[in-house]
file query_38.cif (mmCIF, C-alpha atoms; chains and numbers go by the auth columns)
data_target
loop_
_atom_site.group_PDB
_atom_site.id
_atom_site.type_symbol
_atom_site.label_atom_id
_atom_site.label_comp_id
_atom_site.label_asym_id
_atom_site.label_seq_id
_atom_site.Cartn_x
_atom_site.Cartn_y
_atom_site.Cartn_z
_atom_site.B_iso_or_equiv
_atom_site.auth_seq_id
_atom_site.auth_asym_id
ATOM 1 C CA MET A 1 -37.049 -61.428 -84.363 0.00 183 A
ATOM 2 C CA LYS A 2 -33.983 -60.654 -82.245 0.00 184 A
ATOM 3 C CA ASN A 3 -34.530 -56.926 -82.729 0.00 185 A
ATOM 4 C CA MET A 4 -38.122 -57.273 -81.559 0.00 186 A
ATOM 5 C CA ILE A 5 -37.011 -59.153 -78.429 0.00 187 A
ATOM 6 C CA ASP A 6 -34.352 -56.516 -77.655 0.00 188 A
ATOM 7 C CA TRP A 7 -36.924 -53.762 -78.151 0.00 189 A
ATOM 8 C CA SER A 8 -39.377 -55.527 -75.797 0.00 190 A
ATOM 9 C CA ARG A 9 -36.712 -55.942 -73.144 0.00 191 A
ATOM 10 C CA THR A 10 -35.831 -52.257 -73.419 0.00 192 A
ATOM 11 C CA GLN A 11 -39.453 -51.227 -72.971 0.00 193 A
ATOM 12 C CA ILE A 12 -39.848 -53.504 -69.953 0.00 194 A
ATOM 13 C CA LEU A 13 -36.716 -52.030 -68.371 0.00 195 A
ATOM 14 C CA ARG A 14 -38.016 -48.515 -68.976 0.00 196 A
ATOM 15 C CA LEU A 15 -41.355 -49.421 -67.421 0.00 197 A
ATOM 16 C CA CYS A 16 -39.600 -50.897 -64.376 0.00 198 A
ATOM 17 C CA ALA A 17 -37.446 -47.779 -64.030 0.00 199 A
ATOM 18 C CA ILE A 18 -40.499 -45.512 -64.146 0.00 200 A
ATOM 19 C CA THR A 19 -42.338 -47.684 -61.633 0.00 201 A
ATOM 20 C CA PHE A 20 -39.321 -47.761 -59.326 0.00 202 A
ATOM 21 C CA ALA A 21 -38.963 -43.980 -59.552 0.00 203 A
ATOM 22 C CA GLY A 22 -42.631 -43.600 -58.693 0.00 204 A
ATOM 23 C CA ILE A 23 -42.181 -45.745 -55.599 0.00 205 A
ATOM 24 C CA ILE A 24 -39.211 -43.655 -54.471 0.00 206 A
ATOM 25 C CA VAL A 25 -41.121 -40.402 -54.923 0.00 207 A
ATOM 26 C CA PHE A 26 -44.048 -41.787 -52.961 0.00 208 A
ATOM 27 C CA SER A 27 -41.727 -42.827 -50.169 0.00 209 A
ATOM 28 C CA LEU A 28 -40.294 -39.346 -49.949 0.00 210 A
ATOM 29 C CA VAL A 29 -43.383 -37.190 -50.062 0.00 211 A
ATOM 30 C CA GLY A 30 -46.352 -39.506 -49.771 0.00 212 A
ATOM 31 C CA CYS A 31 -45.798 -40.846 -46.256 0.00 213 A
ATOM 32 C CA GLY A 32 -47.320 -38.306 -43.893 0.00 214 A
ATOM 33 C CA ASP A 33 -47.125 -34.561 -44.399 0.00 215 A
ATOM 34 C CA GLY A 34 -43.456 -33.831 -43.795 0.00 216 A
ATOM 35 C CA PHE A 35 -39.909 -34.428 -44.959 0.00 217 A
ATOM 36 C CA TRP A 36 -39.404 -37.916 -43.648 0.00 218 A
ATOM 37 C CA ILE A 37 -39.023 -41.497 -44.748 0.00 219 A
ATOM 38 C CA GLU A 38 -40.433 -44.348 -42.700 0.00 220 A
ATOM 39 C CA GLY A 39 -37.508 -45.979 -40.911 0.00 221 A
ATOM 40 C CA ASN A 40 -35.164 -43.085 -41.686 0.00 222 A
ATOM 41 C CA SER A 41 -36.834 -40.091 -40.093 0.00 223 A
ATOM 42 C CA TYR A 42 -35.316 -36.675 -39.465 0.00 224 A
ATOM 43 C CA PHE A 43 -37.476 -36.574 -36.361 0.00 225 A
ATOM 44 C CA GLU A 44 -37.010 -38.160 -32.961 0.00 226 A
ATOM 45 C CA PHE A 45 -40.429 -39.267 -31.801 0.00 227 A
ATOM 46 C CA ASP A 46 -41.963 -40.545 -28.593 0.00 228 A
ATOM 47 C CA GLY A 47 -44.929 -42.543 -29.777 0.00 229 A
ATOM 48 C CA ALA A 48 -46.308 -43.067 -26.274 0.00 230 A
ATOM 49 C CA SER A 49 -46.979 -39.355 -25.870 0.00 231 A
ATOM 50 C CA GLY A 50 -47.227 -38.352 -29.542 0.00 232 A
ATOM 51 C CA THR A 51 -44.340 -35.919 -29.042 0.00 233 A
ATOM 52 C CA ILE A 52 -41.568 -34.915 -31.450 0.00 234 A
ATOM 53 C CA THR A 53 -38.551 -34.759 -29.142 0.00 235 A
ATOM 54 C CA GLY A 54 -35.710 -33.920 -31.531 0.00 236 A
ATOM 55 C CA TYR A 55 -34.645 -33.136 -35.084 0.00 237 A
ATOM 56 C CA ASP A 56 -31.622 -34.200 -37.121 0.00 238 A
ATOM 57 C CA ASP A 57 -29.067 -31.465 -37.825 0.00 239 A
ATOM 58 C CA ASP A 58 -29.066 -32.577 -41.484 0.00 240 A
ATOM 59 C CA GLY A 59 -32.817 -32.101 -41.885 0.00 241 A
ATOM 60 C CA PRO A 60 -34.312 -29.383 -44.134 0.00 242 A
ATOM 61 C CA LYS A 61 -34.189 -25.891 -42.675 0.00 243 A
ATOM 62 C CA ASN A 62 -37.629 -25.024 -44.024 0.00 244 A
ATOM 63 C CA VAL A 63 -39.488 -27.852 -42.355 0.00 245 A
ATOM 64 C CA MET A 64 -43.021 -29.156 -42.705 0.00 246 A
ATOM 65 C CA LEU A 65 -43.927 -31.022 -39.552 0.00 247 A
ATOM 66 C CA PRO A 66 -45.732 -34.332 -40.091 0.00 248 A
ATOM 67 C CA SER A 67 -49.205 -34.857 -38.683 0.00 249 A
ATOM 68 C CA THR A 68 -48.360 -38.518 -38.042 0.00 250 A
ATOM 69 C CA LEU A 69 -45.180 -40.495 -37.428 0.00 251 A
ATOM 70 C CA GLU A 70 -44.960 -44.260 -37.261 0.00 252 A
ATOM 71 C CA GLY A 71 -48.706 -44.269 -37.805 0.00 253 A
ATOM 72 C CA ILE A 72 -49.274 -42.263 -34.612 0.00 254 A
ATOM 73 C CA ARG A 73 -50.815 -38.802 -34.426 0.00 255 A
ATOM 74 C CA VAL A 74 -48.344 -36.046 -33.516 0.00 256 A
ATOM 75 C CA THR A 75 -49.838 -33.895 -30.753 0.00 257 A
ATOM 76 C CA ALA A 76 -46.879 -32.102 -29.176 0.00 258 A
ATOM 77 C CA ILE A 77 -43.475 -30.578 -29.854 0.00 259 A
ATOM 78 C CA GLY A 78 -41.169 -31.411 -26.973 0.00 260 A
ATOM 79 C CA LYS A 79 -38.723 -29.348 -24.946 0.00 261 A
ATOM 80 C CA ASN A 80 -35.904 -27.939 -27.111 0.00 262 A
ATOM 81 C CA ALA A 81 -36.875 -30.279 -29.969 0.00 263 A
ATOM 82 C CA PHE A 82 -35.839 -27.837 -32.717 0.00 264 A
ATOM 83 C CA ARG A 83 -33.680 -25.494 -30.663 0.00 265 A
ATOM 84 C CA GLY A 84 -30.715 -24.035 -32.546 0.00 266 A
ATOM 85 C CA LYS A 85 -31.305 -26.036 -35.746 0.00 267 A
ATOM 86 C CA GLN A 86 -30.944 -22.972 -38.018 0.00 268 A
ATOM 87 C CA LEU A 87 -34.543 -23.269 -39.206 0.00 269 A
ATOM 88 C CA THR A 88 -35.739 -20.616 -41.647 0.00 270 A
ATOM 89 C CA GLY A 89 -39.359 -21.762 -41.817 0.00 271 A
ATOM 90 C CA VAL A 90 -41.767 -24.143 -40.128 0.00 272 A
ATOM 91 C CA SER A 91 -45.249 -25.357 -40.985 0.00 273 A
ATOM 92 C CA ILE A 92 -47.233 -26.678 -38.018 0.00 274 A
ATOM 93 C CA PRO A 93 -50.096 -29.053 -38.902 0.00 275 A
ATOM 94 C CA THR A 94 -53.468 -29.454 -37.279 0.00 276 A
ATOM 95 C CA GLY A 95 -53.486 -31.813 -34.337 0.00 277 A
ATOM 96 C CA ILE A 96 -50.638 -30.132 -32.451 0.00 278 A
ATOM 97 C CA THR A 97 -51.898 -28.954 -29.047 0.00 279 A
ATOM 98 C CA THR A 98 -48.668 -28.289 -27.143 0.00 280 A
ATOM 99 C CA ILE A 99 -45.476 -26.481 -28.121 0.00 281 A
ATOM 100 C CA GLY A 100 -42.944 -27.150 -25.410 0.00 282 A
ATOM 101 C CA GLU A 101 -40.298 -25.091 -23.660 0.00 283 A
ATOM 102 C CA GLY A 102 -37.663 -23.783 -26.072 0.00 284 A
ATOM 103 C CA ALA A 103 -39.136 -25.908 -28.872 0.00 285 A
ATOM 104 C CA PHE A 104 -38.182 -23.514 -31.715 0.00 286 A
ATOM 105 C CA ALA A 105 -35.824 -21.162 -29.874 0.00 287 A
ATOM 106 C CA GLU A 106 -32.588 -19.820 -31.357 0.00 288 A
ATOM 107 C CA ASN A 107 -33.432 -20.283 -35.026 0.00 289 A
ATOM 108 C CA LYS A 108 -33.898 -17.924 -38.006 0.00 290 A
ATOM 109 C CA LEU A 109 -37.684 -17.961 -38.274 0.00 291 A
ATOM 110 C CA THR A 110 -39.234 -14.763 -39.644 0.00 292 A
ATOM 111 C CA SER A 111 -42.897 -15.724 -39.341 0.00 293 A
ATOM 112 C CA VAL A 112 -45.043 -18.407 -37.757 0.00 294 A
ATOM 113 C CA THR A 113 -48.721 -19.250 -38.068 0.00 295 A
ATOM 114 C CA LEU A 114 -50.096 -21.424 -35.288 0.00 296 A
ATOM 115 C CA ILE A 115 -53.002 -23.549 -36.453 0.00 297 A
ATOM 116 C CA GLU A 116 -56.298 -23.649 -34.552 0.00 298 A
ATOM 117 C CA GLY A 117 -56.002 -26.343 -31.919 0.00 299 A
ATOM 118 C CA VAL A 118 -52.772 -25.235 -30.261 0.00 300 A
ATOM 119 C CA ILE A 119 -53.513 -24.768 -26.556 0.00 301 A
ATOM 120 C CA THR A 120 -50.156 -24.210 -24.840 0.00 302 A
ATOM 121 C CA ILE A 121 -47.080 -22.283 -25.977 0.00 303 A
ATOM 122 C CA GLY A 122 -44.232 -23.030 -23.608 0.00 304 A
ATOM 123 C CA VAL A 123 -41.507 -20.947 -21.972 0.00 305 A
ATOM 124 C CA SER A 124 -39.156 -19.458 -24.603 0.00 306 A
ATOM 125 C CA ALA A 125 -40.858 -21.560 -27.280 0.00 307 A
ATOM 126 C CA PHE A 126 -40.019 -19.113 -30.107 0.00 308 A
ATOM 127 C CA ALA A 127 -37.455 -16.915 -28.367 0.00 309 A
ATOM 128 C CA ASP A 128 -34.357 -15.613 -30.146 0.00 310 A
ATOM 129 C CA ASN A 129 -35.563 -15.817 -33.727 0.00 311 A
ATOM 130 C CA ARG A 130 -36.232 -13.139 -36.340 0.00 312 A
ATOM 131 C CA LEU A 131 -40.004 -13.186 -36.138 0.00 313 A
ATOM 132 C CA GLU A 132 -41.739 -10.247 -37.774 0.00 314 A
ATOM 133 C CA THR A 133 -45.234 -11.754 -37.700 0.00 315 A
ATOM 134 C CA VAL A 134 -46.982 -14.237 -35.409 0.00 316 A
ATOM 135 C CA ILE A 135 -50.566 -15.426 -35.694 0.00 317 A
ATOM 136 C CA ILE A 136 -51.974 -16.830 -32.450 0.00 318 A
ATOM 137 C CA PRO A 137 -55.240 -18.763 -32.854 0.00 319 A
ATOM 138 C CA ASN A 138 -58.287 -18.534 -30.600 0.00 320 A
ATOM 139 C CA SER A 139 -57.553 -21.972 -29.177 0.00 321 A
ATOM 140 C CA VAL A 140 -54.473 -20.826 -27.235 0.00 322 A
ATOM 141 C CA ILE A 141 -54.985 -20.613 -23.469 0.00 323 A
ATOM 142 C CA SER A 142 -51.453 -20.238 -22.127 0.00 324 A
ATOM 143 C CA ILE A 143 -48.346 -18.420 -23.383 0.00 325 A
ATOM 144 C CA GLY A 144 -45.194 -19.080 -21.381 0.00 326 A
ATOM 145 C CA LYS A 145 -42.559 -16.746 -20.020 0.00 327 A
ATOM 146 C CA GLU A 146 -40.414 -15.187 -22.774 0.00 328 A
ATOM 147 C CA ALA A 147 -42.264 -17.292 -25.355 0.00 329 A
ATOM 148 C CA PHE A 148 -41.679 -14.749 -28.150 0.00 330 A
ATOM 149 C CA ALA A 149 -38.871 -12.728 -26.586 0.00 331 A
ATOM 150 C CA VAL A 150 -36.019 -11.235 -28.607 0.00 332 A
ATOM 151 C CA ASN A 151 -37.592 -11.132 -32.051 0.00 333 A
ATOM 152 C CA GLN A 152 -38.593 -8.372 -34.477 0.00 334 A
ATOM 153 C CA LEU A 153 -42.318 -8.114 -33.831 0.00 335 A
ATOM 154 C CA SER A 154 -43.925 -4.706 -34.301 0.00 336 A
ATOM 155 C CA GLY A 155 -47.501 -5.735 -33.485 0.00 337 A
ATOM 156 C CA ILE A 156 -49.342 -8.571 -31.791 0.00 338 A
ATOM 157 C CA ASP A 157 -52.967 -9.716 -31.570 0.00 339 A
ATOM 158 C CA ILE A 158 -53.799 -11.626 -28.385 0.00 340 A
ATOM 159 C CA PRO A 159 -57.037 -13.609 -28.715 0.00 341 A
ATOM 160 C CA ASP A 160 -59.651 -13.636 -25.970 0.00 342 A
ATOM 161 C CA SER A 161 -59.014 -17.338 -25.375 0.00 343 A
ATOM 162 C CA VAL A 162 -55.662 -16.573 -23.699 0.00 344 A
ATOM 163 C CA ILE A 163 -55.959 -16.578 -19.900 0.00 345 A
ATOM 164 C CA SER A 164 -52.293 -16.766 -18.932 0.00 346 A
ATOM 165 C CA ILE A 165 -49.129 -15.072 -20.227 0.00 347 A
ATOM 166 C CA GLY A 166 -45.773 -15.421 -18.512 0.00 348 A
ATOM 167 C CA GLU A 167 -43.456 -12.532 -17.734 0.00 349 A
ATOM 168 C CA ASP A 168 -41.606 -10.918 -20.631 0.00 350 A
ATOM 169 C CA ALA A 169 -43.467 -13.062 -23.162 0.00 351 A
ATOM 170 C CA PHE A 170 -42.919 -10.398 -25.841 0.00 352 A
ATOM 171 C CA SER A 171 -39.917 -8.557 -24.426 0.00 353 A
ATOM 172 C CA GLY A 172 -36.988 -7.663 -26.636 0.00 354 A
ATOM 173 C CA ASN A 173 -39.181 -6.798 -29.645 0.00 355 A
ATOM 174 C CA GLN A 174 -40.071 -3.500 -31.289 0.00 356 A
ATOM 175 C CA LEU A 175 -43.763 -3.626 -30.470 0.00 357 A
ATOM 176 C CA THR A 176 -45.746 -0.487 -31.242 0.00 358 A
ATOM 177 C CA ARG A 177 -49.197 -2.119 -31.329 0.00 359 A
ATOM 178 C CA VAL A 178 -51.004 -4.574 -29.042 0.00 360 A
ATOM 179 C CA THR A 179 -54.589 -5.695 -29.627 0.00 361 A
ATOM 180 C CA ILE A 180 -56.085 -7.315 -26.552 0.00 362 A
ATOM 181 C CA GLY A 181 -59.400 -8.311 -24.949 0.00 363 A
ATOM 182 C CA PRO A 182 -60.931 -6.881 -21.752 0.00 364 A
ATOM 183 C CA ASN A 183 -60.002 -7.533 -18.129 0.00 365 A
ATOM 184 C CA LYS A 184 -56.743 -9.384 -18.700 0.00 366 A
ATOM 185 C CA SER A 185 -54.774 -9.542 -15.467 0.00 367 A
ATOM 186 C CA TYR A 186 -51.578 -10.505 -17.281 0.00 368 A
ATOM 187 C CA ALA A 187 -51.453 -7.334 -19.392 0.00 369 A
ATOM 188 C CA SER A 188 -48.788 -5.571 -17.324 0.00 370 A
ATOM 189 C CA ASN A 189 -46.320 -8.328 -18.200 0.00 371 A
ATOM 190 C CA ILE A 190 -46.763 -8.308 -21.969 0.00 372 A
ATOM 191 C CA VAL A 191 -44.462 -5.408 -22.810 0.00 373 A
ATOM 192 C CA PRO A 192 -42.685 -2.878 -20.580 0.00 374 A
ATOM 193 C CA ASN A 193 -45.034 -0.033 -19.587 0.00 375 A
ATOM 194 C CA PHE A 194 -48.009 -1.444 -21.488 0.00 376 A
ATOM 195 C CA GLY A 195 -49.878 -2.270 -18.295 0.00 377 A
ATOM 196 C CA ILE A 196 -49.891 1.367 -17.241 0.00 378 A
ATOM 197 C CA ALA A 197 -52.121 2.317 -20.161 0.00 379 A
ATOM 198 C CA TYR A 198 -54.220 -0.842 -20.132 0.00 380 A
ATOM 199 C CA ASN A 199 -54.930 -0.840 -16.399 0.00 381 A
ATOM 200 C CA GLY A 200 -55.360 2.926 -16.319 0.00 382 A
ATOM 201 C CA ASP A 201 -57.971 2.665 -19.057 0.00 383 A
ATOM 202 C CA GLY A 202 -60.038 0.200 -17.048 0.00 384 A
ATOM 203 C CA LYS A 203 -58.688 -2.859 -18.873 0.00 385 A
ATOM 204 C CA GLN A 204 -60.786 -2.149 -21.921 0.00 386 A
ATOM 205 C CA ALA A 205 -60.562 -4.296 -25.018 0.00 387 A
ATOM 206 C CA GLY A 206 -59.013 -2.663 -28.043 0.00 388 A
ATOM 207 C CA THR A 207 -55.842 -1.721 -29.819 0.00 389 A
ATOM 208 C CA TYR A 208 -53.122 0.106 -27.926 0.00 390 A
ATOM 209 C CA THR A 209 -50.227 1.868 -29.609 0.00 391 A
ATOM 210 C CA ARG A 210 -46.868 3.046 -28.315 0.00 392 A
ATOM 211 C CA ILE A 211 -46.349 6.755 -28.983 0.00 393 A
ATOM 212 C CA ASP A 212 -42.836 7.009 -27.532 0.00 394 A
ATOM 213 C CA SER A 213 -40.310 4.796 -25.772 0.00 395 A
ATOM 214 C CA THR A 214 -42.347 4.489 -22.564 0.00 396 A
ATOM 215 C CA THR A 215 -45.920 5.639 -23.332 0.00 397 A
ATOM 216 C CA TRP A 216 -48.866 3.599 -24.634 0.00 398 A
ATOM 217 C CA THR A 217 -52.343 4.863 -25.483 0.00 399 A
ATOM 218 C CA LYS A 218 -55.625 3.282 -26.552 0.00 400 A
ATOM 219 C CA GLN A 219 -56.749 4.079 -30.079 0.00 401 A
#
call {"tool": "encode", "arguments": {"input": "query_38.cif", "output": "structure tokens"}}
result
Amino acid sequence: MKNMIDWSRTQILRLCAITFAGIIVFSLVGCGDGFWIEGNSYFEFDGASGTITGYDDDGPKNVMLPSTLEGIRVTAIGKNAFRGKQLTGVSIPTGITTIGEGAFAENKLTSVTLIEGVITIGVSAFADNRLETVIIPNSVISIGKEAFAVNQLSGIDIPDSVISIGEDAFSGNQLTRVTIGPNKSYASNIVPNFGIAYNGDGKQAGTYTRIDSTTWTKQ
């Protein structure tokens, strides 16, 4: 009888341990979409505006941003929120409409895909990274000054939705290809000397390639 009681107690303890482990796992990955625990978040968050305003230095360097924090929808990444955090990757969820000034600057990002719904990309938002590829969705209207400056981009596709691009938005890259829509008044500021070809060709939509250090031509 004693052996049966001991065996039962052992099984109950095992069941409790498994249940407890399951609760811990759920707390880590089941709350929201990112690497955070309710009450012990890596993120600084302004619930009134739905803006992530900062990130803990000890947080993961390949970060999945949450779509909600504290039960509130995340809609913006604030000024310098992730600046200089040594990030190697970032996943941006749906619902984000604004990426603020310097939000992801001075990291080690090699690629970024912006999800449909992003409207504004702020000044220097992704400057000083290692970006080789960037996908800009058709929802984007404004790209700030030096937003993607000093990276390793070789080509860029600018959707027709974009109506404003700040100076030197793509400067300091190795761009040899730009695909762009018609009649864009900002074109001369995209890359040095690009505007000469684009404006001289009547601001036609298409793909333009750089054939030497200063000369662009429409394909």
call {"tool": "closest_residue", "arguments": {"input": "query_38.cif", "among": "A:Thr279, A:Ser336, A:Asn244, A:Asn355", "to": "A:Pro319", "atoms": "only C-alpha atoms"}}
result
A:Thr279
call {"tool": "atom_distance", "arguments": {"input": "query_38.cif", "atom1": "atom CA of A:Pro275", "atom2": "atom CA of A:Ile338"}}
result
21.7 Å
call {"tool": "closest_residue", "arguments": {"input": "query_38.cif", "among": "A:Gly271, A:Gln401, A:Tyr237, A:Gly229", "to": "A:Arg255", "atoms": "all atoms listed in the file"}}
result
A:Gly229
call {"tool": "closest_residue", "arguments": {"input": "query_38.cif", "among": "A:Asp238, A:Asp342, A:Glu298, A:Glu283", "to": "A:Phe330", "atoms": "only C-alpha atoms"}}
result
A:Glu283
call {"tool": "residues_around", "arguments": {"input": "query_38.cif", "residues": "A:Phe376", "least_positions_apart": "4", "cutoff": "9 Å", "atoms": "all atoms listed in the file", "output": "PyMOL selection string"}}
result
chain A and resi 360+369-372+380-381+390+392+396-399
call {"tool": "closest_residue", "arguments": {"input": "query_38.cif", "among": "A:Asn375, A:Phe264, A:Gly253, A:Phe227", "to": "A:Gly241", "atoms": "all atoms listed in the file"}}
result
A:Phe264
call {"tool": "atom_distance", "arguments": {"input": "query_38.cif", "atom1": "atom CA of A:Asp228", "atom2": "atom CA of A:Ala263"}}
result
11.5 Å
call {"tool": "closest_atom_pairs", "arguments": {"input": "query_38.cif", "of": "stretch 354-379 of chain A", "to": "stretch 311-317 of chain A", "cutoff": "12 Å", "atoms": "all atoms listed in the file", "output": "Markdown table"}}
result
| residue | atom | partner | partner_atom | distance |
| --- | --- | --- | --- | --- |
| A:Gly354 | CA | A:Asn311 | CA | 10.9 |
| A:Asn355 | CA | A:Leu313 | CA | 9.1 |
| A:Gln356 | CA | A:Glu314 | CA | 9.5 |
| A:Leu357 | CA | A:Glu314 | CA | 10.1 |
call {"tool": "resolve_selection", "arguments": {"input": "query_38.cif", "expression": "the PyMOL selection byres ((chain A and resi 323) around 10)", "output": "list in words"}}
result
Val300, Ile301, Thr302, Ile303, Pro319, Asn320, Ser321, Val322, Ser324, Ile325, Pro341, Asp342, Ser343, Val344, Ile345, Ser346 and Ile347 of chain A
call {"tool": "atom_distance", "arguments": {"input": "query_38.cif", "atom1": "atom CA of A:Ser306", "atom2": "atom CA of A:Ala331"}}
result
7.0 Å
call {"tool": "residues_near_point", "arguments": {"input": "query_38.cif", "point": "(-40.9, -24.9, -23.6)", "cutoff": "9 Å", "atoms": "only C-alpha atoms", "output": "list in words"}}
result
Ile259, Gly260, Lys261, Asn262, Ile281, Gly282, Glu283, Gly284, Ala285, Phe286, Ala287, Ile303, Gly304, Val305, Ser306, Ala307, Phe308, Gly326 and Ala329 of chain A
call {"tool": "resolve_selection", "arguments": {"input": "query_38.cif", "expression": "the PyMOL selection byres ((chain A and resi 269) around 7)", "output": "PyMOL selection string"}}
result
chain A and resi 243-244+267-268+270-271+289-291
call {"tool": "write_last_selection", "arguments": {"input": "query_38.cif", "atoms": "C-alpha atoms", "output": "PDB file, in the coordinates of the input"}}
result
ATOM      1  CA  LYS A 243     -34.189 -25.891 -42.675  1.00  0.00           C
ATOM      2  CA  ASN A 244     -37.629 -25.024 -44.024  1.00  0.00           C
ATOM      3  CA  LYS A 267     -31.305 -26.036 -35.746  1.00  0.00           C
ATOM      4  CA  GLN A 268     -30.944 -22.972 -38.018  1.00  0.00           C
ATOM      5  CA  THR A 270     -35.739 -20.616 -41.647  1.00  0.00           C
ATOM      6  CA  GLY A 271     -39.359 -21.762 -41.817  1.00  0.00           C
ATOM      7  CA  ASN A 289     -33.432 -20.283 -35.026  1.00  0.00           C
ATOM      8  CA  LYS A 290     -33.898 -17.924 -38.006  1.00  0.00           C
ATOM      9  CA  LEU A 291     -37.684 -17.961 -38.274  1.00  0.00           C
TER      10      LEU A 291
END
call {"tool": "resolve_selection", "arguments": {"input": "query_38.cif", "expression": "the PyMOL selection byres ((chain A and resi 273) around 9)", "output": "list in words"}}
result
Asn244, Val245, Met246, Leu247, Gly271, Val272, Ile274, Pro275, Val294, Thr295 and Leu296 of chain A
call {"tool": "closest_residue", "arguments": {"input": "query_38.cif", "among": "A:Pro374, A:Gly277, A:Gly236, A:Gly384", "to": "A:Asp350", "atoms": "all atoms listed in the file"}}
result
A:Pro374
call {"tool": "closest_residue", "arguments": {"input": "query_38.cif", "among": "A:Asn365, A:Thr358, A:Ser293, A:Thr233", "to": "A:Asp383", "atoms": "all atoms listed in the file"}}
result
A:Asn365
call {"tool": "decode", "arguments": {"input": "query_38.cif", "residues": "stretch 254-291 of chain A", "atoms": "C-alpha atoms", "output": "compact mmCIF listing (two decimals), in the first residue's frame"}}
result
# COMPACT_ATOMS: atom_id res chain seq x y z
CA ILE A 254 -3.04 47.82 -26.38
CA ARG A 255 -2.39 47.77 -30.12
CA VAL A 256 1.12 48.87 -31.11
CA THR A 257 0.89 51.42 -33.92
CA ALA A 258 4.22 53.25 -33.89
CA ILE A 259 7.93 52.90 -33.22
CA GLY A 260 9.16 56.02 -31.47
CA LYS A 261 12.18 58.24 -31.97
CA ASN A 262 15.46 56.34 -31.42
CA ALA A 263 13.56 53.45 -29.80
CA PHE A 264 15.98 50.77 -31.05
CA ARG A 265 18.92 52.99 -31.95
CA GLY A 266 22.32 51.39 -31.38
CA LYS A 267 20.95 48.19 -29.81
CA GLN A 268 23.13 45.90 -31.98
CA LEU A 269 20.08 44.35 -33.63
CA THR A 270 20.75 41.75 -36.31
CA GLY A 271 17.13 41.23 -37.36
CA VAL A 272 13.69 42.72 -36.84
CA SER A 273 10.19 41.53 -37.70
CA ILE A 274 7.60 44.31 -37.92
CA PRO A 275 3.97 43.19 -37.47
CA THR A 276 0.84 44.46 -39.13
CA GLY A 277 -0.70 47.44 -37.40
CA ILE A 278 2.45 49.57 -37.36
CA THR A 279 1.82 52.80 -39.29
CA THR A 280 4.72 55.01 -38.19
CA ILE A 281 8.44 54.33 -37.85
CA GLY A 282 9.96 57.30 -36.10
CA GLU A 283 13.17 59.26 -36.47
CA GLY A 284 16.25 57.11 -35.92
CA ALA A 285 14.05 54.22 -34.76
CA PHE A 286 16.38 51.44 -36.01
CA ALA A 287 19.51 53.46 -36.79
CA GLU A 288 23.04 52.29 -36.00
CA ASN A 289 22.36 48.56 -35.81
CA LYS A 290 23.51 45.50 -37.80
CA LEU A 291 20.38 44.85 -39.85
